$ cat run.cif   # mmCIF, C-alpha atoms; chains and numbers go by the auth columns
data_input
#
loop_
_atom_site.group_PDB
_atom_site.id
_atom_site.type_symbol
_atom_site.label_atom_id
_atom_site.label_comp_id
_atom_site.label_asym_id
_atom_site.label_seq_id
_atom_site.Cartn_x
_atom_site.Cartn_y
_atom_site.Cartn_z
_atom_site.B_iso_or_equiv
_atom_site.auth_seq_id
_atom_site.auth_asym_id
ATOM 1 C CA MET A 1 8.847 -118.265 65.783 0.00 1 A
ATOM 2 C CA PRO A 2 11.211 -121.181 66.186 0.00 2 A
ATOM 3 C CA TYR A 3 11.730 -122.717 69.593 0.00 3 A
ATOM 4 C CA ARG A 4 15.055 -121.454 70.937 0.00 4 A
ATOM 5 C CA PRO A 5 16.390 -123.023 74.114 0.00 5 A
ATOM 6 C CA PHE A 6 18.645 -121.109 76.483 0.00 6 A
ATOM 7 C CA ALA A 7 21.608 -123.378 75.869 0.00 7 A
ATOM 8 C CA GLY A 8 23.720 -124.039 78.916 0.00 8 A
ATOM 9 C CA GLN A 9 21.297 -122.496 81.401 0.00 9 A
ATOM 10 C CA ASN A 10 20.252 -124.883 84.150 0.00 10 A
ATOM 11 C CA CYS A 11 17.497 -122.543 85.314 0.00 11 A
ATOM 12 C CA SER A 12 13.747 -123.023 85.651 0.00 12 A
ATOM 13 C CA ILE A 13 13.139 -119.353 84.786 0.00 13 A
ATOM 14 C CA ALA A 14 15.059 -119.748 81.524 0.00 14 A
ATOM 15 C CA ARG A 15 13.155 -122.946 80.737 0.00 15 A
ATOM 16 C CA ALA A 16 9.829 -121.239 81.451 0.00 16 A
ATOM 17 C CA LEU A 17 10.807 -118.363 79.159 0.00 17 A
ATOM 18 C CA GLU A 18 11.503 -120.896 76.412 0.00 18 A
ATOM 19 C CA LEU A 19 7.780 -121.734 76.580 0.00 19 A
ATOM 20 C CA VAL A 20 6.097 -118.397 77.354 0.00 20 A
ATOM 21 C CA GLY A 21 8.750 -115.734 76.841 0.00 21 A
ATOM 22 C CA GLU A 22 7.833 -114.667 73.305 0.00 22 A
ATOM 23 C CA ARG A 23 6.304 -111.203 73.068 0.00 23 A
ATOM 24 C CA TRP A 24 2.644 -112.258 72.728 0.00 24 A
ATOM 25 C CA SER A 25 2.560 -115.583 74.573 0.00 25 A
ATOM 26 C CA LEU A 26 1.532 -114.420 78.052 0.00 26 A
ATOM 27 C CA LEU A 27 -1.033 -112.049 76.543 0.00 27 A
ATOM 28 C CA VAL A 28 -2.551 -114.950 74.606 0.00 28 A
ATOM 29 C CA MET A 29 -2.685 -116.940 77.848 0.00 29 A
ATOM 30 C CA ARG A 30 -4.319 -113.965 79.588 0.00 30 A
ATOM 31 C CA GLU A 31 -7.055 -113.853 76.966 0.00 31 A
ATOM 32 C CA VAL A 32 -7.783 -117.567 77.223 0.00 32 A
ATOM 33 C CA MET A 33 -7.876 -117.269 81.029 0.00 33 A
ATOM 34 C CA LEU A 34 -10.358 -114.411 80.628 0.00 34 A
ATOM 35 C CA GLY A 35 -12.620 -116.754 78.664 0.00 35 A
ATOM 36 C CA ARG A 36 -11.768 -115.714 75.130 0.00 36 A
ATOM 37 C CA ARG A 37 -11.210 -119.016 73.398 0.00 37 A
ATOM 38 C CA ARG A 38 -11.698 -118.407 69.674 0.00 38 A
ATOM 39 C CA PHE A 39 -8.952 -117.174 67.370 0.00 39 A
ATOM 40 C CA GLY A 40 -10.999 -114.137 66.287 0.00 40 A
ATOM 41 C CA GLU A 41 -11.829 -113.117 69.870 0.00 41 A
ATOM 42 C CA ILE A 42 -8.206 -113.357 70.939 0.00 42 A
ATOM 43 C CA ARG A 43 -7.008 -111.476 67.865 0.00 43 A
ATOM 44 C CA GLU A 44 -9.599 -108.725 68.356 0.00 44 A
ATOM 45 C CA GLN A 45 -8.525 -108.172 71.968 0.00 45 A
ATOM 46 C CA LEU A 46 -4.800 -108.200 71.241 0.00 46 A
ATOM 47 C CA GLY A 47 -4.680 -106.494 67.853 0.00 47 A
ATOM 48 C CA VAL A 48 -1.978 -108.943 66.842 0.00 48 A
ATOM 49 C CA ALA A 49 -1.319 -110.001 63.243 0.00 49 A
ATOM 50 C CA PRO A 50 -3.029 -113.306 62.383 0.00 50 A
ATOM 51 C CA ASN A 51 0.231 -115.064 61.476 0.00 51 A
ATOM 52 C CA ILE A 52 1.803 -114.093 64.810 0.00 52 A
ATOM 53 C CA LEU A 53 -1.264 -115.228 66.771 0.00 53 A
ATOM 54 C CA SER A 54 -1.384 -118.491 64.843 0.00 54 A
ATOM 55 C CA ASP A 55 2.285 -119.084 65.635 0.00 55 A
ATOM 56 C CA ARG A 56 1.862 -118.321 69.353 0.00 56 A
ATOM 57 C CA LEU A 57 -1.234 -120.499 69.670 0.00 57 A
ATOM 58 C CA GLY A 58 0.567 -123.316 67.886 0.00 58 A
ATOM 59 C CA THR A 59 3.553 -123.042 70.222 0.00 59 A
ATOM 60 C CA LEU A 60 1.334 -122.979 73.321 0.00 60 A
ATOM 61 C CA VAL A 61 -0.554 -126.054 72.071 0.00 61 A
ATOM 62 C CA GLU A 62 2.678 -127.822 71.104 0.00 62 A
ATOM 63 C CA HIS A 63 4.110 -127.319 74.581 0.00 63 A
ATOM 64 C CA GLY A 64 0.929 -128.395 76.352 0.00 64 A
ATOM 65 C CA LEU A 65 -0.296 -125.094 77.824 0.00 65 A
ATOM 66 C CA LEU A 66 -3.383 -124.963 75.619 0.00 66 A
ATOM 67 C CA ARG A 67 -5.356 -127.542 73.688 0.00 67 A
ATOM 68 C CA HIS A 68 -7.408 -126.962 70.558 0.00 68 A
ATOM 69 C CA ASP A 69 -10.753 -128.660 71.052 0.00 69 A
ATOM 70 C CA GLY A 70 -11.511 -129.274 67.368 0.00 70 A
ATOM 71 C CA HIS A 71 -14.461 -126.863 67.459 0.00 71 A
ATOM 72 C CA GLY A 72 -12.399 -123.734 66.968 0.00 72 A
ATOM 73 C CA GLU A 73 -11.744 -123.103 70.653 0.00 73 A
ATOM 74 C CA TYR A 74 -8.555 -123.063 72.666 0.00 74 A
ATOM 75 C CA ARG A 75 -8.750 -124.344 76.228 0.00 75 A
ATOM 76 C CA LEU A 76 -6.333 -124.261 79.133 0.00 76 A
ATOM 77 C CA THR A 77 -4.626 -127.471 80.123 0.00 77 A
ATOM 78 C CA ALA A 78 -3.604 -128.067 83.741 0.00 78 A
ATOM 79 C CA LYS A 79 -0.109 -126.919 82.758 0.00 79 A
ATOM 80 C CA GLY A 80 -1.555 -123.712 81.294 0.00 80 A
ATOM 81 C CA ALA A 81 -3.794 -123.089 84.306 0.00 81 A
ATOM 82 C CA ASP A 82 -0.702 -123.270 86.521 0.00 82 A
ATOM 83 C CA LEU A 83 0.364 -119.962 84.914 0.00 83 A
ATOM 84 C CA HIS A 84 -2.562 -118.155 86.583 0.00 84 A
ATOM 85 C CA PRO A 85 -0.653 -117.062 89.724 0.00 85 A
ATOM 86 C CA VAL A 86 2.247 -115.943 87.526 0.00 86 A
ATOM 87 C CA LEU A 87 -0.074 -113.720 85.480 0.00 87 A
ATOM 88 C CA ILE A 88 -1.707 -112.322 88.626 0.00 88 A
ATOM 89 C CA ALA A 89 1.732 -111.529 90.080 0.00 89 A
ATOM 90 C CA LEU A 90 2.800 -109.865 86.818 0.00 90 A
ATOM 91 C CA MET A 91 -0.463 -107.908 86.736 0.00 91 A
ATOM 92 C CA ARG A 92 0.052 -106.710 90.318 0.00 92 A
ATOM 93 C CA TRP A 93 3.615 -105.649 89.505 0.00 93 A
ATOM 94 C CA GLY A 94 2.333 -103.768 86.449 0.00 94 A
ATOM 95 C CA ASP A 95 -0.405 -102.131 88.544 0.00 95 A
ATOM 96 C CA ARG A 96 2.225 -100.833 90.967 0.00 96 A
ATOM 97 C CA HIS A 97 4.903 -99.799 88.500 0.00 97 A
ATOM 98 C CA ALA A 98 3.388 -99.319 85.039 0.00 98 A
ATOM 99 C CA ALA A 99 -0.218 -98.146 85.504 0.00 99 A
ATOM 100 C CA PRO A 100 -0.125 -94.392 86.176 0.00 100 A
ATOM 101 C CA ASP A 101 -3.934 -94.110 86.107 0.00 101 A
ATOM 102 C CA GLY A 102 -4.477 -97.126 88.345 0.00 102 A
ATOM 103 C CA PRO A 103 -5.119 -100.785 87.628 0.00 103 A
ATOM 104 C CA PRO A 104 -6.963 -101.437 84.352 0.00 104 A
ATOM 105 C CA ARG A 105 -8.459 -104.613 85.858 0.00 105 A
ATOM 106 C CA VAL A 106 -8.932 -105.765 89.444 0.00 106 A
ATOM 107 C CA ALA A 107 -8.935 -109.386 90.629 0.00 107 A
ATOM 108 C CA VAL A 108 -12.153 -110.361 92.421 0.00 108 A
ATOM 109 C CA HIS A 109 -12.481 -113.387 94.706 0.00 109 A
ATOM 110 C CA VAL A 110 -15.398 -115.394 93.303 0.00 110 A
ATOM 111 C CA ALA A 111 -16.369 -116.981 96.647 0.00 111 A
ATOM 112 C CA CYS A 112 -16.903 -113.702 98.523 0.00 112 A
ATOM 113 C CA GLY A 113 -17.205 -111.167 95.684 0.00 113 A
ATOM 114 C CA HIS A 114 -14.601 -108.804 97.101 0.00 114 A
ATOM 115 C CA ASP A 115 -11.506 -107.402 95.437 0.00 115 A
ATOM 116 C CA ALA A 116 -8.650 -109.802 96.034 0.00 116 A
ATOM 117 C CA GLU A 117 -5.098 -109.066 97.083 0.00 117 A
ATOM 118 C CA PRO A 118 -3.456 -112.477 96.614 0.00 118 A
ATOM 119 C CA GLU A 119 -0.447 -113.087 98.836 0.00 119 A
ATOM 120 C CA TYR A 120 2.544 -115.333 98.448 0.00 120 A
ATOM 121 C CA ARG A 121 2.862 -117.461 101.601 0.00 121 A
ATOM 122 C CA CYS A 122 5.203 -120.049 103.022 0.00 122 A
ATOM 123 C CA GLY A 123 3.642 -123.491 102.620 0.00 123 A
ATOM 124 C CA HIS A 124 5.137 -124.582 105.952 0.00 124 A
ATOM 125 C CA CYS A 125 4.427 -121.765 108.434 0.00 125 A
ATOM 126 C CA GLY A 126 1.945 -119.607 106.504 0.00 126 A
ATOM 127 C CA ASP A 127 3.966 -116.382 106.786 0.00 127 A
ATOM 128 C CA VAL A 128 3.501 -113.855 103.990 0.00 128 A
ATOM 129 C CA LEU A 129 6.647 -113.873 101.864 0.00 129 A
ATOM 130 C CA GLU A 130 7.759 -110.315 101.304 0.00 130 A
ATOM 131 C CA PRO A 131 10.730 -109.349 99.111 0.00 131 A
ATOM 132 C CA GLY A 132 13.903 -110.362 100.909 0.00 132 A
ATOM 133 C CA ALA A 133 12.191 -113.165 102.843 0.00 133 A
ATOM 134 C CA LEU A 134 13.473 -115.867 100.503 0.00 134 A
ATOM 135 C CA LYS A 135 16.839 -117.323 99.643 0.00 135 A
ATOM 136 C CA VAL A 136 17.514 -120.188 97.270 0.00 136 A
ATOM 137 C CA ARG A 137 19.574 -123.340 97.747 0.00 137 A
ATOM 138 C CA PRO A 138 20.637 -126.002 95.280 0.00 138 A
ATOM 139 C CA GLY A 139 17.799 -128.376 94.416 0.00 139 A
ATOM 140 C CA PRO A 140 17.781 -131.965 93.162 0.00 140 A
ATOM 141 C CA GLY A 141 18.305 -130.818 89.562 0.00 141 A
ATOM 142 C CA ALA A 142 21.279 -128.596 90.397 0.00 142 A
ATOM 143 C CA SER A 143 24.489 -128.876 88.423 0.00 143 A
ATOM 144 C CA GLY A 144 27.786 -129.493 90.194 0.00 144 A
ATOM 145 C CA ARG A 145 28.572 -125.794 89.946 0.00 145 A
ATOM 146 C CA GLN A 146 25.190 -124.879 91.450 0.00 146 A
ATOM 147 C CA ARG A 147 25.622 -127.413 94.291 0.00 147 A
ATOM 148 C CA ALA A 148 28.894 -125.693 95.195 0.00 148 A
ATOM 149 C CA GLU A 149 27.192 -122.331 95.684 0.00 149 A
ATOM 150 C CA PRO A 150 25.936 -121.227 99.090 0.00 150 A
ATOM 151 C CA LEU A 151 22.428 -120.192 100.015 0.00 151 A
ATOM 152 C CA LEU A 152 21.744 -117.209 97.719 0.00 152 A
ATOM 153 C CA PRO A 153 21.693 -114.293 98.012 0.00 153 A
ATOM 154 C CA SER A 154 24.444 -114.655 100.614 0.00 154 A
#
$ encode --input "run.cif" --output "structure tokens"
Amino acid sequence: MPYRPFAGQNCSIARALELVGERWSLLVMREVMLGRRRFGEIREQLGVAPNILSDRLGTLVEHGLLRHDGHGEYRLTAKGADLHPVLIALMRWGDRHAAPDGPPRVAVHVACGHDAEPEYRCGHCGDVLEPGALKVRPGPGASGRQRAEPLLPS
């Protein structure tokens, strides 16, 4: 599918969706993170048409989330690996709100071997960040309109 920017949106979420917002993209990233690196393995797990998978892999390589190693395998780049917490958060949301029979997979902490419940914490004080604990302010890349807005939600 062609790359389609969200014209006029000065938003990091919109920009991220430009890279990984296509229907199969995050599922392809999930498979590579689970260790499935060959086209056939990924296709078998997803059941996606070969042309669609080829397109998604090409887009992910083009935008630097994956690299093709020349031996038929796709590997995560540092940029791609940075999606890991996003996928875990999306998985946890799905477990809570879209998995009536319970989680299909459970994250396990490699170091201790126990089921993991990752938490989102403040990098300054260490508090767990629950819904409602965050507001947003204009950042260095804010437009003039965004700089004029207060701390949100107000």
$ closest_residue --input "run.cif" --among "A:Met91, A:Leu46, A:Leu151, A:Val28" --to "Leu65 of chain A" --atoms "only C-alpha atoms"
A:Val28
$ residues_around --input "run.cif" --residues "Glu117 of chain A" --least-positions-apart "3" --cutoff "9 Å" --atoms "all atoms listed in the file" --output "list in words"
Arg92, Ala107, Val108 and His109 of chain A
$ closest_atom_pairs --input "run.cif" --of "segment 48-153 of chain A" --to "segment 36-44 of chain A" --cutoff "9 Å" --atoms "all atoms listed in the file" --output "Markdown table"
| residue | atom | partner | partner_atom | distance |
| --- | --- | --- | --- | --- |
| A:Val48 | CA | A:Arg43 | CA | 5.7 |
| A:Ala49 | CA | A:Arg43 | CA | 7.5 |
| A:Pro50 | CA | A:Arg43 | CA | 7.0 |
| A:Leu53 | CA | A:Arg43 | CA | 6.9 |
| A:Ser54 | CA | A:Phe39 | CA | 8.1 |
| A:Leu57 | CA | A:Phe39 | CA | 8.7 |
| A:Gly72 | CA | A:Arg38 | CA | 6.0 |
| A:Glu73 | CA | A:Arg38 | CA | 4.8 |
| A:Tyr74 | CA | A:Arg37 | CA | 4.9 |
| A:Arg75 | CA | A:Arg37 | CA | 6.5 |
$ residues_around --input "run.cif" --residues "Asn10 of chain A" --least-positions-apart "2" --cutoff "9 Å" --atoms "only C-alpha atoms" --output "PDB file with C-alpha atoms, in the frame of the given file"
ATOM      1  CA  PHE A   6      18.645-121.109  76.483  1.00  0.00           C
ATOM      2  CA  ALA A   7      21.608-123.378  75.869  1.00  0.00           C
ATOM      3  CA  GLY A   8      23.720-124.039  78.916  1.00  0.00           C
ATOM      4  CA  SER A  12      13.747-123.023  85.651  1.00  0.00           C
ATOM      5  CA  ALA A  14      15.059-119.748  81.524  1.00  0.00           C
ATOM      6  CA  ARG A  15      13.155-122.946  80.737  1.00  0.00           C
ATOM      7  CA  GLY A 141      18.305-130.818  89.562  1.00  0.00           C
ATOM      8  CA  ALA A 142      21.279-128.596  90.397  1.00  0.00           C
ATOM      9  CA  SER A 143      24.489-128.876  88.423  1.00  0.00           C
ATOM     10  CA  GLN A 146      25.190-124.879  91.450  1.00  0.00           C
TER      11      GLN A 146
END
$ residues_around --input "run.cif" --residues "Leu26 of chain A" --least-positions-apart "2" --cutoff "10 Å" --atoms "only C-alpha atoms" --output "mmCIF file with C-alpha atoms, in the frame of the given file"
data_model
loop_
_atom_site.group_PDB
_atom_site.id
_atom_site.type_symbol
_atom_site.label_atom_id
_atom_site.label_comp_id
_atom_site.auth_asym_id
_atom_site.auth_seq_id
_atom_site.Cartn_x
_atom_site.Cartn_y
_atom_site.Cartn_z
ATOM 1 C CA LEU A 19 7.780 -121.734 76.580
ATOM 2 C CA VAL A 20 6.097 -118.397 77.354
ATOM 3 C CA GLY A 21 8.750 -115.734 76.841
ATOM 4 C CA GLU A 22 7.833 -114.667 73.305
ATOM 5 C CA ARG A 23 6.304 -111.203 73.068
ATOM 6 C CA TRP A 24 2.644 -112.258 72.728
ATOM 7 C CA VAL A 28 -2.551 -114.950 74.606
ATOM 8 C CA MET A 29 -2.685 -116.940 77.848
ATOM 9 C CA ARG A 30 -4.319 -113.965 79.588
ATOM 10 C CA GLU A 31 -7.055 -113.853 76.966
ATOM 11 C CA VAL A 32 -7.783 -117.567 77.223
ATOM 12 C CA ARG A 56 1.862 -118.321 69.353
ATOM 13 C CA LEU A 60 1.334 -122.979 73.321
ATOM 14 C CA LEU A 83 0.364 -119.962 84.914
ATOM 15 C CA VAL A 86 2.247 -115.943 87.526
ATOM 16 C CA LEU A 87 -0.074 -113.720 85.480
ATOM 17 C CA LEU A 90 2.800 -109.865 86.818
#
$ decode --input "run.cif" --residues "segment 30-55 of chain A" --atoms "N, CA and C atoms" --output "PDB file, in the first residue's frame"
ATOM      1  N   ARG A  30       4.818  -8.328  15.485  1.00  0.00           N
ATOM      2  CA  ARG A  30       4.639  -9.323  16.552  1.00  0.00           C
ATOM      3  C   ARG A  30       5.327 -10.626  16.189  1.00  0.00           C
ATOM      4  N   GLU A  31       5.117 -11.089  14.972  1.00  0.00           N
ATOM      5  CA  GLU A  31       5.702 -12.367  14.558  1.00  0.00           C
ATOM      6  C   GLU A  31       7.223 -12.325  14.559  1.00  0.00           C
ATOM      7  N   VAL A  32       7.790 -11.231  14.088  1.00  0.00           N
ATOM      8  CA  VAL A  32       9.254 -11.119  14.094  1.00  0.00           C
ATOM      9  C   VAL A  32       9.760 -11.065  15.536  1.00  0.00           C
ATOM     10  N   MET A  33       9.049 -10.360  16.412  1.00  0.00           N
ATOM     11  CA  MET A  33       9.441 -10.312  17.822  1.00  0.00           C
ATOM     12  C   MET A  33       9.322 -11.673  18.487  1.00  0.00           C
ATOM     13  N   LEU A  34       8.415 -12.512  17.989  1.00  0.00           N
ATOM     14  CA  LEU A  34       8.273 -13.865  18.531  1.00  0.00           C
ATOM     15  C   LEU A  34       9.294 -14.833  17.926  1.00  0.00           C
ATOM     16  N   GLY A  35      10.165 -14.328  17.066  1.00  0.00           N
ATOM     17  CA  GLY A  35      11.236 -15.156  16.525  1.00  0.00           C
ATOM     18  C   GLY A  35      10.964 -15.756  15.162  1.00  0.00           C
ATOM     19  N   ARG A  36       9.851 -15.406  14.569  1.00  0.00           N
ATOM     20  CA  ARG A  36       9.548 -15.900  13.225  1.00  0.00           C
ATOM     21  C   ARG A  36      10.103 -14.879  12.239  1.00  0.00           C
ATOM     22  N   ARG A  37      11.141 -15.281  11.535  1.00  0.00           N
ATOM     23  CA  ARG A  37      11.876 -14.314  10.719  1.00  0.00           C
ATOM     24  C   ARG A  37      11.784 -14.555   9.224  1.00  0.00           C
ATOM     25  N   ARG A  38      11.312 -15.707   8.812  1.00  0.00           N
ATOM     26  CA  ARG A  38      11.233 -16.020   7.379  1.00  0.00           C
ATOM     27  C   ARG A  38       9.828 -15.724   6.861  1.00  0.00           C
ATOM     28  N   PHE A  39       9.775 -15.293   5.611  1.00  0.00           N
ATOM     29  CA  PHE A  39       8.520 -14.944   4.960  1.00  0.00           C
ATOM     30  C   PHE A  39       7.476 -16.038   5.161  1.00  0.00           C
ATOM     31  N   GLY A  40       7.849 -17.292   4.879  1.00  0.00           N
ATOM     32  CA  GLY A  40       6.903 -18.405   4.977  1.00  0.00           C
ATOM     33  C   GLY A  40       6.386 -18.621   6.386  1.00  0.00           C
ATOM     34  N   GLU A  41       7.262 -18.462   7.385  1.00  0.00           N
ATOM     35  CA  GLU A  41       6.840 -18.620   8.788  1.00  0.00           C
ATOM     36  C   GLU A  41       5.839 -17.538   9.177  1.00  0.00           C
ATOM     37  N   ILE A  42       6.149 -16.313   8.775  1.00  0.00           N
ATOM     38  CA  ILE A  42       5.264 -15.193   9.106  1.00  0.00           C
ATOM     39  C   ILE A  42       3.922 -15.376   8.415  1.00  0.00           C
ATOM     40  N   ARG A  43       3.963 -15.736   7.145  1.00  0.00           N
ATOM     41  CA  ARG A  43       2.730 -15.929   6.375  1.00  0.00           C
ATOM     42  C   ARG A  43       1.881 -17.054   6.967  1.00  0.00           C
ATOM     43  N   GLU A  44       2.529 -18.144   7.351  1.00  0.00           N
ATOM     44  CA  GLU A  44       1.802 -19.280   7.932  1.00  0.00           C
ATOM     45  C   GLU A  44       1.085 -18.873   9.219  1.00  0.00           C
ATOM     46  N   GLN A  45       1.745 -18.097  10.051  1.00  0.00           N
ATOM     47  CA  GLN A  45       1.144 -17.675  11.323  1.00  0.00           C
ATOM     48  C   GLN A  45      -0.006 -16.696  11.121  1.00  0.00           C
ATOM     49  N   LEU A  46       0.150 -15.799  10.142  1.00  0.00           N
ATOM     50  CA  LEU A  46      -0.850 -14.750   9.953  1.00  0.00           C
ATOM     51  C   LEU A  46      -1.976 -15.137   9.007  1.00  0.00           C
ATOM     52  N   GLY A  47      -1.693 -16.046   8.070  1.00  0.00           N
ATOM     53  CA  GLY A  47      -2.705 -16.385   7.074  1.00  0.00           C
ATOM     54  C   GLY A  47      -2.979 -15.240   6.119  1.00  0.00           C
ATOM     55  N   VAL A  48      -2.002 -14.396   5.918  1.00  0.00           N
ATOM     56  CA  VAL A  48      -2.144 -13.227   5.066  1.00  0.00           C
ATOM     57  C   VAL A  48      -1.728 -13.581   3.638  1.00  0.00           C
ATOM     58  N   ALA A  49      -2.318 -12.918   2.665  1.00  0.00           N
ATOM     59  CA  ALA A  49      -1.960 -13.140   1.263  1.00  0.00           C
ATOM     60  C   ALA A  49      -0.497 -12.747   1.050  1.00  0.00           C
ATOM     61  N   PRO A  50       0.219 -13.492   0.205  1.00  0.00           N
ATOM     62  CA  PRO A  50       1.643 -13.209  -0.002  1.00  0.00           C
ATOM     63  C   PRO A  50       1.927 -11.785  -0.485  1.00  0.00           C
ATOM     64  N   ASN A  51       1.086 -11.247  -1.361  1.00  0.00           N
ATOM     65  CA  ASN A  51       1.340  -9.889  -1.853  1.00  0.00           C
ATOM     66  C   ASN A  51       1.189  -8.855  -0.743  1.00  0.00           C
ATOM     67  N   ILE A  52       0.241  -9.066   0.152  1.00  0.00           N
ATOM     68  CA  ILE A  52       0.040  -8.144   1.277  1.00  0.00           C
ATOM     69  C   ILE A  52       1.233  -8.231   2.223  1.00  0.00           C
ATOM     70  N   LEU A  53       1.660  -9.458   2.546  1.00  0.00           N
ATOM     71  CA  LEU A  53       2.801  -9.628   3.448  1.00  0.00           C
ATOM     72  C   LEU A  53       4.056  -9.011   2.838  1.00  0.00           C
ATOM     73  N   SER A  54       4.269  -9.249   1.554  1.00  0.00           N
ATOM     74  CA  SER A  54       5.430  -8.679   0.885  1.00  0.00           C
ATOM     75  C   SER A  54       5.415  -7.156   0.971  1.00  0.00           C
ATOM     76  N   ASP A  55       4.246  -6.568   0.764  1.00  0.00           N
ATOM     77  CA  ASP A  55       4.100  -5.120   0.851  1.00  0.00           C
ATOM     78  C   ASP A  55       4.405  -4.621   2.259  1.00  0.00           C
TER      79      ASP A  55
END
